[in-house]
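Note: the block below is final-v1.txt and it holds compact mmCIF, N, CA and C atoms.
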```txt
# COMPACT_ATOMS: atom_id res chain seq x y z
N MET A 1473 34.11 -19.39 2.83
CA MET A 1473 33.13 -18.34 2.99
C MET A 1473 31.72 -18.94 2.97
N GLU A 1474 30.90 -18.50 3.89
CA GLU A 1474 29.53 -19.02 3.98
C GLU A 1474 28.67 -18.45 2.87
N LYS A 1475 27.87 -19.32 2.27
CA LYS A 1475 26.97 -18.90 1.19
C LYS A 1475 25.83 -18.06 1.78
N PRO A 1476 25.56 -16.88 1.19
CA PRO A 1476 24.49 -16.03 1.74
C PRO A 1476 23.12 -16.69 1.60
N GLN A 1477 22.27 -16.45 2.59
CA GLN A 1477 20.92 -16.98 2.53
C GLN A 1477 20.09 -16.22 1.51
N LYS A 1478 19.14 -16.92 0.93
CA LYS A 1478 18.24 -16.30 -0.03
C LYS A 1478 16.97 -15.86 0.68
N VAL A 1479 16.43 -14.74 0.24
CA VAL A 1479 15.20 -14.21 0.80
C VAL A 1479 14.23 -13.95 -0.34
N VAL A 1480 12.99 -14.37 -0.17
CA VAL A 1480 11.94 -14.10 -1.15
C VAL A 1480 10.84 -13.32 -0.43
N LEU A 1481 10.49 -12.17 -0.99
CA LEU A 1481 9.36 -11.40 -0.50
C LEU A 1481 8.28 -11.49 -1.56
N LEU A 1482 7.14 -12.03 -1.19
CA LEU A 1482 6.05 -12.23 -2.13
C LEU A 1482 4.86 -11.41 -1.66
N GLY A 1483 4.46 -10.45 -2.47
CA GLY A 1483 3.29 -9.64 -2.16
C GLY A 1483 2.20 -9.94 -3.17
N ILE A 1484 1.03 -10.28 -2.69
CA ILE A 1484 -0.09 -10.58 -3.58
C ILE A 1484 -1.13 -9.49 -3.38
N ASP A 1485 -1.31 -8.67 -4.38
CA ASP A 1485 -2.23 -7.54 -4.30
C ASP A 1485 -3.66 -8.02 -4.50
N ALA A 1486 -4.55 -7.62 -3.60
CA ALA A 1486 -5.98 -7.90 -3.68
C ALA A 1486 -6.29 -9.40 -3.55
N GLY A 1487 -5.39 -10.16 -2.98
CA GLY A 1487 -5.64 -11.58 -2.75
C GLY A 1487 -6.26 -11.80 -1.37
N SER A 1488 -7.02 -12.84 -1.23
CA SER A 1488 -7.65 -13.16 0.05
C SER A 1488 -6.79 -14.18 0.80
N ARG A 1489 -6.21 -13.75 1.91
CA ARG A 1489 -5.37 -14.66 2.69
C ARG A 1489 -6.18 -15.86 3.17
N ASP A 1490 -7.44 -15.64 3.54
CA ASP A 1490 -8.29 -16.75 3.98
C ASP A 1490 -8.47 -17.79 2.88
N LEU A 1491 -8.70 -17.33 1.65
CA LEU A 1491 -8.85 -18.28 0.54
C LEU A 1491 -7.54 -19.00 0.25
N PHE A 1492 -6.43 -18.27 0.26
CA PHE A 1492 -5.14 -18.92 0.03
C PHE A 1492 -4.87 -19.99 1.09
N LYS A 1493 -5.18 -19.67 2.35
CA LYS A 1493 -4.98 -20.66 3.41
C LYS A 1493 -5.87 -21.89 3.21
N ARG A 1494 -7.13 -21.66 2.88
CA ARG A 1494 -8.06 -22.78 2.66
C ARG A 1494 -7.56 -23.66 1.51
N TRP A 1495 -7.19 -23.03 0.39
CA TRP A 1495 -6.74 -23.79 -0.77
C TRP A 1495 -5.40 -24.46 -0.52
N ALA A 1496 -4.56 -23.85 0.30
CA ALA A 1496 -3.30 -24.49 0.66
C ALA A 1496 -3.57 -25.72 1.53
N GLN A 1497 -4.45 -25.59 2.50
CA GLN A 1497 -4.76 -26.70 3.41
C GLN A 1497 -5.42 -27.88 2.70
N ASP A 1498 -6.28 -27.58 1.70
CA ASP A 1498 -6.96 -28.69 1.02
C ASP A 1498 -6.14 -29.26 -0.15
N GLY A 1499 -4.92 -28.74 -0.35
CA GLY A 1499 -4.03 -29.27 -1.38
C GLY A 1499 -4.21 -28.67 -2.76
N THR A 1500 -5.15 -27.74 -2.92
CA THR A 1500 -5.36 -27.11 -4.22
C THR A 1500 -4.14 -26.28 -4.62
N LEU A 1501 -3.49 -25.65 -3.64
CA LEU A 1501 -2.30 -24.83 -3.90
C LEU A 1501 -1.12 -25.39 -3.09
N PRO A 1502 -0.49 -26.47 -3.57
CA PRO A 1502 0.58 -27.10 -2.79
C PRO A 1502 1.80 -26.20 -2.56
N THR A 1503 2.11 -25.34 -3.50
CA THR A 1503 3.24 -24.44 -3.31
C THR A 1503 2.94 -23.44 -2.20
N MET A 1504 1.72 -22.92 -2.18
CA MET A 1504 1.33 -22.02 -1.09
C MET A 1504 1.33 -22.76 0.24
N GLN A 1505 0.94 -24.03 0.22
CA GLN A 1505 0.97 -24.84 1.44
C GLN A 1505 2.39 -24.91 1.99
N ALA A 1506 3.36 -25.14 1.11
CA ALA A 1506 4.76 -25.20 1.53
C ALA A 1506 5.24 -23.84 2.03
N LEU A 1507 4.83 -22.78 1.36
CA LEU A 1507 5.23 -21.44 1.81
C LEU A 1507 4.65 -21.11 3.18
N PHE A 1508 3.38 -21.43 3.40
CA PHE A 1508 2.77 -21.18 4.71
C PHE A 1508 3.47 -21.99 5.80
N ALA A 1509 3.88 -23.21 5.48
CA ALA A 1509 4.50 -24.08 6.48
C ALA A 1509 5.91 -23.64 6.84
N LYS A 1510 6.65 -23.08 5.88
CA LYS A 1510 8.07 -22.79 6.10
C LYS A 1510 8.40 -21.31 6.13
N SER A 1511 7.41 -20.44 6.06
CA SER A 1511 7.69 -19.02 5.89
C SER A 1511 6.97 -18.17 6.92
N MET A 1512 7.38 -16.93 6.97
CA MET A 1512 6.68 -15.94 7.77
C MET A 1512 5.62 -15.31 6.87
N VAL A 1513 4.39 -15.21 7.36
CA VAL A 1513 3.29 -14.69 6.57
C VAL A 1513 2.65 -13.54 7.34
N GLY A 1514 2.35 -12.47 6.64
CA GLY A 1514 1.70 -11.33 7.28
C GLY A 1514 0.81 -10.61 6.30
N ALA A 1515 0.06 -9.67 6.82
CA ALA A 1515 -0.84 -8.88 5.98
C ALA A 1515 -0.37 -7.43 5.97
N THR A 1516 -0.53 -6.78 4.84
CA THR A 1516 -0.23 -5.36 4.70
C THR A 1516 -1.55 -4.61 4.62
N MET A 1517 -1.62 -3.52 5.34
CA MET A 1517 -2.83 -2.71 5.28
C MET A 1517 -2.49 -1.39 4.59
N SER A 1518 -3.46 -0.84 3.89
CA SER A 1518 -3.25 0.45 3.26
C SER A 1518 -2.96 1.51 4.31
N THR A 1519 -2.21 2.52 3.92
CA THR A 1519 -1.92 3.62 4.83
C THR A 1519 -3.23 4.32 5.17
N PRO A 1520 -3.57 4.46 6.45
CA PRO A 1520 -4.86 5.04 6.83
C PRO A 1520 -5.10 6.42 6.21
N GLY A 1521 -6.30 6.61 5.68
CA GLY A 1521 -6.69 7.90 5.13
C GLY A 1521 -6.22 8.17 3.72
N LEU A 1522 -5.48 7.26 3.13
CA LEU A 1522 -4.95 7.47 1.79
C LEU A 1522 -5.44 6.38 0.85
N PHE A 1523 -5.41 6.68 -0.44
CA PHE A 1523 -5.82 5.73 -1.46
C PHE A 1523 -4.83 4.58 -1.51
N VAL A 1524 -5.28 3.44 -1.97
CA VAL A 1524 -4.46 2.24 -2.04
C VAL A 1524 -3.17 2.45 -2.84
N GLY A 1525 -3.13 3.43 -3.73
CA GLY A 1525 -1.93 3.67 -4.53
C GLY A 1525 -0.70 4.01 -3.72
N SER A 1526 -0.86 4.38 -2.47
CA SER A 1526 0.29 4.70 -1.63
C SER A 1526 0.88 3.47 -0.93
N THR A 1527 0.16 2.36 -0.93
CA THR A 1527 0.60 1.20 -0.17
C THR A 1527 1.88 0.58 -0.71
N TRP A 1528 1.94 0.30 -2.02
CA TRP A 1528 3.13 -0.34 -2.57
C TRP A 1528 4.38 0.51 -2.41
N PRO A 1529 4.36 1.81 -2.73
CA PRO A 1529 5.57 2.60 -2.50
C PRO A 1529 5.98 2.65 -1.02
N THR A 1530 5.00 2.65 -0.12
CA THR A 1530 5.32 2.61 1.31
C THR A 1530 6.03 1.30 1.64
N TRP A 1531 5.55 0.21 1.07
CA TRP A 1531 6.15 -1.11 1.31
C TRP A 1531 7.57 -1.18 0.77
N TYR A 1532 7.79 -0.76 -0.48
CA TYR A 1532 9.11 -0.98 -1.06
C TYR A 1532 10.12 0.12 -0.79
N THR A 1533 9.70 1.24 -0.21
CA THR A 1533 10.67 2.26 0.19
C THR A 1533 10.90 2.27 1.70
N GLY A 1534 9.93 1.78 2.45
CA GLY A 1534 10.06 1.77 3.90
C GLY A 1534 9.76 3.10 4.57
N VAL A 1535 9.22 4.04 3.82
CA VAL A 1535 8.86 5.35 4.39
C VAL A 1535 7.40 5.66 4.08
N ASN A 1536 6.85 6.62 4.80
CA ASN A 1536 5.43 6.96 4.63
C ASN A 1536 5.21 7.84 3.40
N PRO A 1537 3.94 8.01 2.98
CA PRO A 1537 3.64 8.80 1.78
C PRO A 1537 4.16 10.24 1.83
N GLY A 1538 4.25 10.82 3.02
CA GLY A 1538 4.80 12.16 3.12
C GLY A 1538 6.26 12.22 2.69
N LYS A 1539 6.98 11.11 2.81
CA LYS A 1539 8.39 11.07 2.42
C LYS A 1539 8.60 10.53 1.01
N HIS A 1540 7.80 9.55 0.57
CA HIS A 1540 8.00 9.03 -0.80
C HIS A 1540 7.17 9.78 -1.83
N GLY A 1541 6.16 10.55 -1.40
CA GLY A 1541 5.45 11.45 -2.31
C GLY A 1541 4.26 10.88 -3.05
N ILE A 1542 3.89 9.63 -2.80
CA ILE A 1542 2.75 9.04 -3.52
C ILE A 1542 1.57 8.92 -2.55
N HIS A 1543 0.49 9.61 -2.89
CA HIS A 1543 -0.71 9.58 -2.05
C HIS A 1543 -1.89 8.93 -2.76
N SER A 1544 -1.80 8.77 -4.07
CA SER A 1544 -2.89 8.25 -4.88
C SER A 1544 -2.32 7.78 -6.21
N LEU A 1545 -3.14 7.15 -7.02
CA LEU A 1545 -2.69 6.74 -8.35
C LEU A 1545 -2.58 7.92 -9.31
N HIS A 1546 -3.25 9.02 -9.00
CA HIS A 1546 -3.15 10.26 -9.77
C HIS A 1546 -2.95 11.40 -8.78
N GLN A 1547 -2.05 12.30 -9.11
CA GLN A 1547 -1.77 13.42 -8.22
C GLN A 1547 -1.71 14.72 -9.00
N LEU A 1548 -1.95 15.80 -8.28
CA LEU A 1548 -1.86 17.11 -8.91
C LEU A 1548 -0.41 17.41 -9.26
N GLN A 1549 -0.21 17.92 -10.46
CA GLN A 1549 1.12 18.36 -10.86
C GLN A 1549 1.40 19.66 -10.12
N SER A 1550 2.56 19.76 -9.53
CA SER A 1550 2.93 20.92 -8.74
C SER A 1550 2.71 22.22 -9.50
N GLY A 1551 2.04 23.17 -8.86
CA GLY A 1551 1.81 24.48 -9.46
C GLY A 1551 0.65 24.53 -10.44
N THR A 1552 -0.07 23.42 -10.62
CA THR A 1552 -1.19 23.39 -11.57
C THR A 1552 -2.37 22.67 -10.93
N TYR A 1553 -3.45 22.59 -11.69
CA TYR A 1553 -4.59 21.78 -11.28
C TYR A 1553 -4.70 20.53 -12.15
N GLU A 1554 -3.62 20.18 -12.84
CA GLU A 1554 -3.62 19.03 -13.73
C GLU A 1554 -3.24 17.76 -12.97
N LEU A 1555 -4.03 16.71 -13.22
CA LEU A 1555 -3.71 15.41 -12.63
C LEU A 1555 -2.73 14.67 -13.52
N HIS A 1556 -1.79 13.97 -12.91
CA HIS A 1556 -0.90 13.12 -13.69
C HIS A 1556 -0.81 11.77 -13.00
N PRO A 1557 -0.67 10.69 -13.79
CA PRO A 1557 -0.59 9.35 -13.20
C PRO A 1557 0.75 9.14 -12.50
N THR A 1558 0.73 8.35 -11.45
CA THR A 1558 1.96 8.06 -10.71
C THR A 1558 2.40 6.62 -10.89
N TYR A 1559 1.83 5.92 -11.86
CA TYR A 1559 2.09 4.49 -12.02
C TYR A 1559 3.49 4.16 -12.50
N ALA A 1560 4.18 5.07 -13.15
CA ALA A 1560 5.46 4.74 -13.77
C ALA A 1560 6.62 4.70 -12.79
N GLY A 1561 6.43 5.17 -11.58
CA GLY A 1561 7.49 5.08 -10.60
C GLY A 1561 8.40 6.27 -10.52
N GLU A 1562 8.45 7.09 -11.57
CA GLU A 1562 9.36 8.23 -11.52
C GLU A 1562 8.92 9.27 -10.50
N SER A 1563 7.69 9.20 -10.03
CA SER A 1563 7.19 10.15 -9.04
C SER A 1563 7.60 9.77 -7.61
N VAL A 1564 8.05 8.55 -7.40
CA VAL A 1564 8.44 8.11 -6.07
C VAL A 1564 9.77 8.77 -5.70
N LYS A 1565 9.78 9.49 -4.58
CA LYS A 1565 10.94 10.30 -4.20
C LYS A 1565 12.01 9.51 -3.44
N ARG A 1566 11.75 8.29 -3.10
CA ARG A 1566 12.72 7.46 -2.38
C ARG A 1566 13.01 6.20 -3.17
N GLU A 1567 14.18 5.65 -2.96
CA GLU A 1567 14.58 4.44 -3.68
C GLU A 1567 13.93 3.19 -3.07
N PRO A 1568 13.62 2.22 -3.91
CA PRO A 1568 13.14 0.95 -3.37
C PRO A 1568 14.30 0.20 -2.69
N PHE A 1569 13.96 -0.67 -1.76
CA PHE A 1569 14.99 -1.38 -0.99
C PHE A 1569 15.92 -2.20 -1.86
N TRP A 1570 15.45 -2.68 -3.01
CA TRP A 1570 16.31 -3.54 -3.82
C TRP A 1570 17.46 -2.77 -4.46
N ASN A 1571 17.34 -1.46 -4.63
CA ASN A 1571 18.48 -0.68 -5.12
C ASN A 1571 19.61 -0.70 -4.10
N HIS A 1572 19.28 -0.58 -2.82
CA HIS A 1572 20.29 -0.62 -1.77
C HIS A 1572 20.96 -2.00 -1.73
N LEU A 1573 20.17 -3.05 -1.87
CA LEU A 1573 20.73 -4.40 -1.88
C LEU A 1573 21.65 -4.61 -3.08
N SER A 1574 21.24 -4.12 -4.23
CA SER A 1574 22.03 -4.27 -5.44
C SER A 1574 23.38 -3.56 -5.30
N ARG A 1575 23.36 -2.35 -4.77
CA ARG A 1575 24.62 -1.61 -4.57
C ARG A 1575 25.53 -2.31 -3.58
N ALA A 1576 24.94 -3.07 -2.67
CA ALA A 1576 25.73 -3.82 -1.69
C ALA A 1576 26.23 -5.15 -2.26
N GLY A 1577 25.98 -5.38 -3.55
CA GLY A 1577 26.49 -6.57 -4.21
C GLY A 1577 25.56 -7.77 -4.16
N ARG A 1578 24.34 -7.59 -3.69
CA ARG A 1578 23.38 -8.70 -3.64
C ARG A 1578 22.67 -8.82 -4.98
N ARG A 1579 22.40 -10.02 -5.39
CA ARG A 1579 21.65 -10.25 -6.63
C ARG A 1579 20.16 -10.16 -6.29
N VAL A 1580 19.44 -9.38 -7.07
CA VAL A 1580 18.04 -9.10 -6.80
C VAL A 1580 17.22 -9.40 -8.04
N ALA A 1581 16.10 -10.10 -7.88
CA ALA A 1581 15.16 -10.33 -8.98
C ALA A 1581 13.86 -9.61 -8.63
N ILE A 1582 13.35 -8.83 -9.56
CA ILE A 1582 12.13 -8.07 -9.36
C ILE A 1582 11.08 -8.60 -10.33
N LEU A 1583 9.91 -8.95 -9.82
CA LEU A 1583 8.83 -9.47 -10.65
C LEU A 1583 7.60 -8.58 -10.52
N ASP A 1584 7.32 -7.75 -11.51
CA ASP A 1584 6.11 -6.94 -11.59
C ASP A 1584 5.69 -6.28 -10.29
N ILE A 1585 6.45 -5.31 -9.86
CA ILE A 1585 6.12 -4.55 -8.66
C ILE A 1585 5.31 -3.34 -9.09
N PRO A 1586 4.08 -3.18 -8.58
CA PRO A 1586 3.26 -2.03 -8.97
C PRO A 1586 3.90 -0.70 -8.57
N LEU A 1587 3.65 0.32 -9.36
CA LEU A 1587 4.11 1.68 -9.09
C LEU A 1587 5.62 1.80 -8.96
N THR A 1588 6.36 1.12 -9.84
CA THR A 1588 7.81 1.26 -9.85
C THR A 1588 8.27 1.71 -11.22
N ALA A 1589 9.44 2.30 -11.25
CA ALA A 1589 10.07 2.67 -12.51
C ALA A 1589 10.68 1.42 -13.13
N PRO A 1590 10.97 1.44 -14.43
CA PRO A 1590 11.64 0.29 -15.04
C PRO A 1590 12.96 -0.01 -14.31
N VAL A 1591 13.27 -1.28 -14.18
CA VAL A 1591 14.45 -1.71 -13.45
C VAL A 1591 15.63 -1.80 -14.40
N ALA A 1592 16.77 -1.23 -14.02
CA ALA A 1592 17.97 -1.27 -14.85
C ALA A 1592 18.48 -2.70 -14.93
N GLN A 1593 18.55 -3.26 -16.13
CA GLN A 1593 18.94 -4.65 -16.32
C GLN A 1593 20.38 -4.91 -15.91
N SER A 1594 21.23 -3.90 -15.93
CA SER A 1594 22.62 -4.12 -15.57
C SER A 1594 22.78 -4.45 -14.09
N GLN A 1595 21.80 -4.06 -13.27
CA GLN A 1595 21.91 -4.26 -11.84
C GLN A 1595 21.12 -5.45 -11.33
N ARG A 1596 20.02 -5.79 -11.99
CA ARG A 1596 19.14 -6.82 -11.47
C ARG A 1596 18.35 -7.49 -12.58
N ASP A 1597 17.71 -8.57 -12.25
CA ASP A 1597 16.83 -9.26 -13.19
C ASP A 1597 15.42 -8.75 -12.97
N SER A 1598 14.68 -8.55 -14.05
CA SER A 1598 13.32 -8.02 -13.92
C SER A 1598 12.40 -8.72 -14.89
N ILE A 1599 11.23 -9.10 -14.40
CA ILE A 1599 10.18 -9.67 -15.24
C ILE A 1599 8.92 -8.90 -14.90
N GLY A 1600 8.20 -8.43 -15.92
CA GLY A 1600 6.93 -7.77 -15.60
C GLY A 1600 6.74 -6.47 -16.27
```
Please go through the file and, once you have read it, give me the structure as structure tokens.
Amino acid sequence: MEKPQKVVLLGIDAGSRDLFKRWAQDGTLPTMQALFAKSMVGATMSTPGLFVGSTWPTWYTGVNPGKHGIHSLHQLQSGTYELHPTYAGESVKREPFWNHLSRAGRRVAILDIPLTAPVAQSQRDSIG
């Protein structure tokens, strides 16, 4: 049986890709240099018209804010005018992609993903 390939998704919030590239090229960040040389690199943009708090849930659920329910870091509680924080992840109405991978028998490690609920240790490794 062929050994499954490993995939690493690395998201750096509020980092400057230009600075990372410069520091990778001049040898200041040799690990980033190796990642740039051997990996696919792209930029994520915030969902137009919405606060940055919707970007991470959009990334890890694969659906837009209308479907995952996060439009800002604080949202009105339904039926009231009270704001409540959405940082704990329980407000996200869709599952993150790693839950689907875990159910399919893949081993998943999660490292400090913003706006997520605590990760069940029985299914995956989590730091953060």
* Asked: Among chain A, which residues carry a DSSP assignment of alpha helix (DSSP H), reported as a PyMOL selection string?
  -> chain A and resi 1489-1497+1502-1510+1527-1533+1537-1540+1569-1575
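For the pair atom C of Asp1485 (chain A) and atom N of Leu1548 (chain A), the separation is 24.2 Å.
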* To do: Considering only C-alpha atoms, state which residue in the set A:Ser1518, A:Thr1552, A:Ser1563, A:Thr1500 is at the smallest distance from His1540 (chain A).
  => A:Ser1563
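Nearest residue to Gly1487 (chain A), choosing from A:Thr1527, A:Ser1574, A:Thr1516, A:Ser1511 and counting only C-alpha atoms: A:Thr1516.
Among the residues of chain A, backbone DSSP assigns strand (DSSP E or B) to His1546, Gln1547, Leu1548, Leu1555, His1556, Pro1557, Ala1581, Ile1582, Leu1583, Asp1597, Ser1598 and Ile1599 of chain A.
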* To do: For Ser1526 (chain A), work out the shell of residues within 5 Å, counting all atoms listed in the file and skipping chain neighbours fewer than 4 positions away, then give it as a VMD selection string.
  => chain A and resid 1530 1542 to 1544
* **For Gly1541 (chain A): contacts at 8 Å, all atoms listed in the file, fewer than 5 positions along chain excluded, given as a PyMOL selection string** => chain A and resi 1526+1529+1535-1536+1563-1566
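Atom pair atom N of Trp1495 (chain A) / CA of Ala1509 (chain A): separated by 13.2 Å.
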* To do: Can you pull out every residue within 8 Å of Lys1493 (chain A), counting only C-alpha atoms, but drop anything in the same chain fewer than 5 positions away, and send it as a ChimeraX atom specification?
  => /A:1504-1505,1508
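The coordinates place CA of Val1480 (chain A) at 18.3 Å from atom C of Gly1534 (chain A).
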Find the axis-aligned box for region 1494-1505 of chain A, covering all its listed atoms and adding 8 Å on each side, and write its centre and edge lengths in Å to one decimal as JSON.
```
{"center_x": -2.4, "center_y": -25.5, "center_z": -0.6, "size_x": 27.3, "size_y": 23.6, "size_z": 24.0}
```
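Counting all atoms listed in the file, the residue from A:Thr1558, A:Ala1576, A:Ile1484, A:Met1517 that sits nearest to His1546 (chain A) is A:Thr1558.
For the residues A:Leu1522, A:Ala1515, A:Met1473, A:Ala1506, ranking by smallest atom-to-atom distance to Asp1490 (chain A) using only C-alpha atoms places A:Ala1515 first.
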Saved region 1479-1506 of chain A from the preceding structure, N, CA and C atoms, as an mmCIF file, in the first residue's frame:
```
data_model
loop_
_atom_site.group_PDB
_atom_site.id
_atom_site.type_symbol
_atom_site.label_atom_id
_atom_site.label_comp_id
_atom_site.auth_asym_id
_atom_site.auth_seq_id
_atom_site.Cartn_x
_atom_site.Cartn_y
_atom_site.Cartn_z
ATOM 1 N N VAL A 1479 0.335 16.883 3.753
ATOM 2 C CA VAL A 1479 0.013 18.233 3.302
ATOM 3 C C VAL A 1479 0.104 19.164 4.503
ATOM 4 N N VAL A 1480 0.745 20.302 4.322
ATOM 5 C CA VAL A 1480 0.818 21.324 5.361
ATOM 6 C C VAL A 1480 0.210 22.597 4.788
ATOM 7 N N LEU A 1481 -0.761 23.140 5.499
ATOM 8 C CA LEU A 1481 -1.333 24.437 5.149
ATOM 9 C C LEU A 1481 -0.892 25.408 6.223
ATOM 10 N N LEU A 1482 -0.173 26.431 5.828
ATOM 11 C CA LEU A 1482 0.354 27.401 6.774
ATOM 12 C C LEU A 1482 -0.244 28.760 6.452
ATOM 13 N N GLY A 1483 -0.999 29.299 7.391
ATOM 14 C CA GLY A 1483 -1.569 30.629 7.222
ATOM 15 C C GLY A 1483 -0.937 31.572 8.227
ATOM 16 N N ILE A 1484 -0.414 32.673 7.741
ATOM 17 C CA ILE A 1484 0.213 33.653 8.626
ATOM 18 C C ILE A 1484 -0.644 34.905 8.599
ATOM 19 N N ASP A 1485 -1.293 35.184 9.705
ATOM 20 C CA ASP A 1485 -2.202 36.322 9.798
ATOM 21 C C ASP A 1485 -1.410 37.612 9.979
ATOM 22 N N ALA A 1486 -1.719 38.612 9.175
ATOM 23 C CA ALA A 1486 -1.130 39.949 9.260
ATOM 24 C C ALA A 1486 0.368 39.956 8.962
ATOM 25 N N GLY A 1487 0.856 38.949 8.264
ATOM 26 C CA GLY A 1487 2.258 38.916 7.866
ATOM 27 C C GLY A 1487 2.439 39.558 6.497
ATOM 28 N N SER A 1488 3.591 40.098 6.247
ATOM 29 C CA SER A 1488 3.894 40.723 4.962
ATOM 30 C C SER A 1488 4.613 39.721 4.064
ATOM 31 N N ARG A 1489 3.945 39.305 2.993
ATOM 32 C CA ARG A 1489 4.562 38.348 2.083
ATOM 33 C C ARG A 1489 5.848 38.921 1.485
ATOM 34 N N ASP A 1490 5.852 40.223 1.182
ATOM 35 C CA ASP A 1490 7.057 40.853 0.634
ATOM 36 C C ASP A 1490 8.236 40.750 1.602
ATOM 37 N N LEU A 1491 7.979 40.998 2.893
ATOM 38 C CA LEU A 1491 9.058 40.879 3.881
ATOM 39 C C LEU A 1491 9.519 39.435 4.028
ATOM 40 N N PHE A 1492 8.567 38.499 4.069
ATOM 41 C CA PHE A 1492 8.956 37.089 4.173
ATOM 42 C C PHE A 1492 9.814 36.680 2.981
ATOM 43 N N LYS A 1493 9.430 37.116 1.783
ATOM 44 C CA LYS A 1493 10.224 36.783 0.595
ATOM 45 C C LYS A 1493 11.626 37.388 0.675
ATOM 46 N N ARG A 1494 11.708 38.647 1.078
ATOM 47 C CA ARG A 1494 13.017 39.312 1.184
ATOM 48 C C ARG A 1494 13.896 38.579 2.195
ATOM 49 N N TRP A 1495 13.338 38.280 3.371
ATOM 50 C CA TRP A 1495 14.118 37.616 4.412
ATOM 51 C C TRP A 1495 14.457 36.177 4.036
ATOM 52 N N ALA A 1496 13.591 35.536 3.265
ATOM 53 C CA ALA A 1496 13.909 34.192 2.786
ATOM 54 C C ALA A 1496 15.059 34.256 1.779
ATOM 55 N N GLN A 1497 15.002 35.200 0.862
ATOM 56 C CA GLN A 1497 16.041 35.330 -0.165
ATOM 57 C C GLN A 1497 17.402 35.697 0.415
ATOM 58 N N ASP A 1498 17.409 36.534 1.467
ATOM 59 C CA ASP A 1498 18.715 36.926 2.032
ATOM 60 C C ASP A 1498 19.223 35.940 3.086
ATOM 61 N N GLY A 1499 18.488 34.846 3.317
ATOM 62 C CA GLY A 1499 18.936 33.812 4.237
ATOM 63 C C GLY A 1499 18.555 34.027 5.687
ATOM 64 N N THR A 1500 17.866 35.121 5.990
ATOM 65 C CA THR A 1500 17.441 35.378 7.365
ATOM 66 C C THR A 1500 16.429 34.331 7.831
ATOM 67 N N LEU A 1501 15.571 33.889 6.914
ATOM 68 C CA LEU A 1501 14.555 32.874 7.228
ATOM 69 C C LEU A 1501 14.755 31.661 6.314
ATOM 70 N N PRO A 1502 15.725 30.788 6.633
ATOM 71 C CA PRO A 1502 16.021 29.661 5.746
ATOM 72 C C PRO A 1502 14.865 28.668 5.590
ATOM 73 N N THR A 1503 14.072 28.490 6.624
ATOM 74 C CA THR A 1503 12.936 27.576 6.507
ATOM 75 C C THR A 1503 11.901 28.140 5.541
ATOM 76 N N MET A 1504 11.651 29.439 5.625
ATOM 77 C CA MET A 1504 10.732 30.073 4.678
ATOM 78 C C MET A 1504 11.303 29.993 3.260
ATOM 79 N N GLN A 1505 12.617 30.114 3.133
ATOM 80 C CA GLN A 1505 13.260 30.000 1.824
ATOM 81 C C GLN A 1505 12.965 28.626 1.220
ATOM 82 N N ALA A 1506 13.086 27.577 2.032
ATOM 83 C CA ALA A 1506 12.795 26.222 1.562
ATOM 84 C C ALA A 1506 11.319 26.064 1.216
#
```
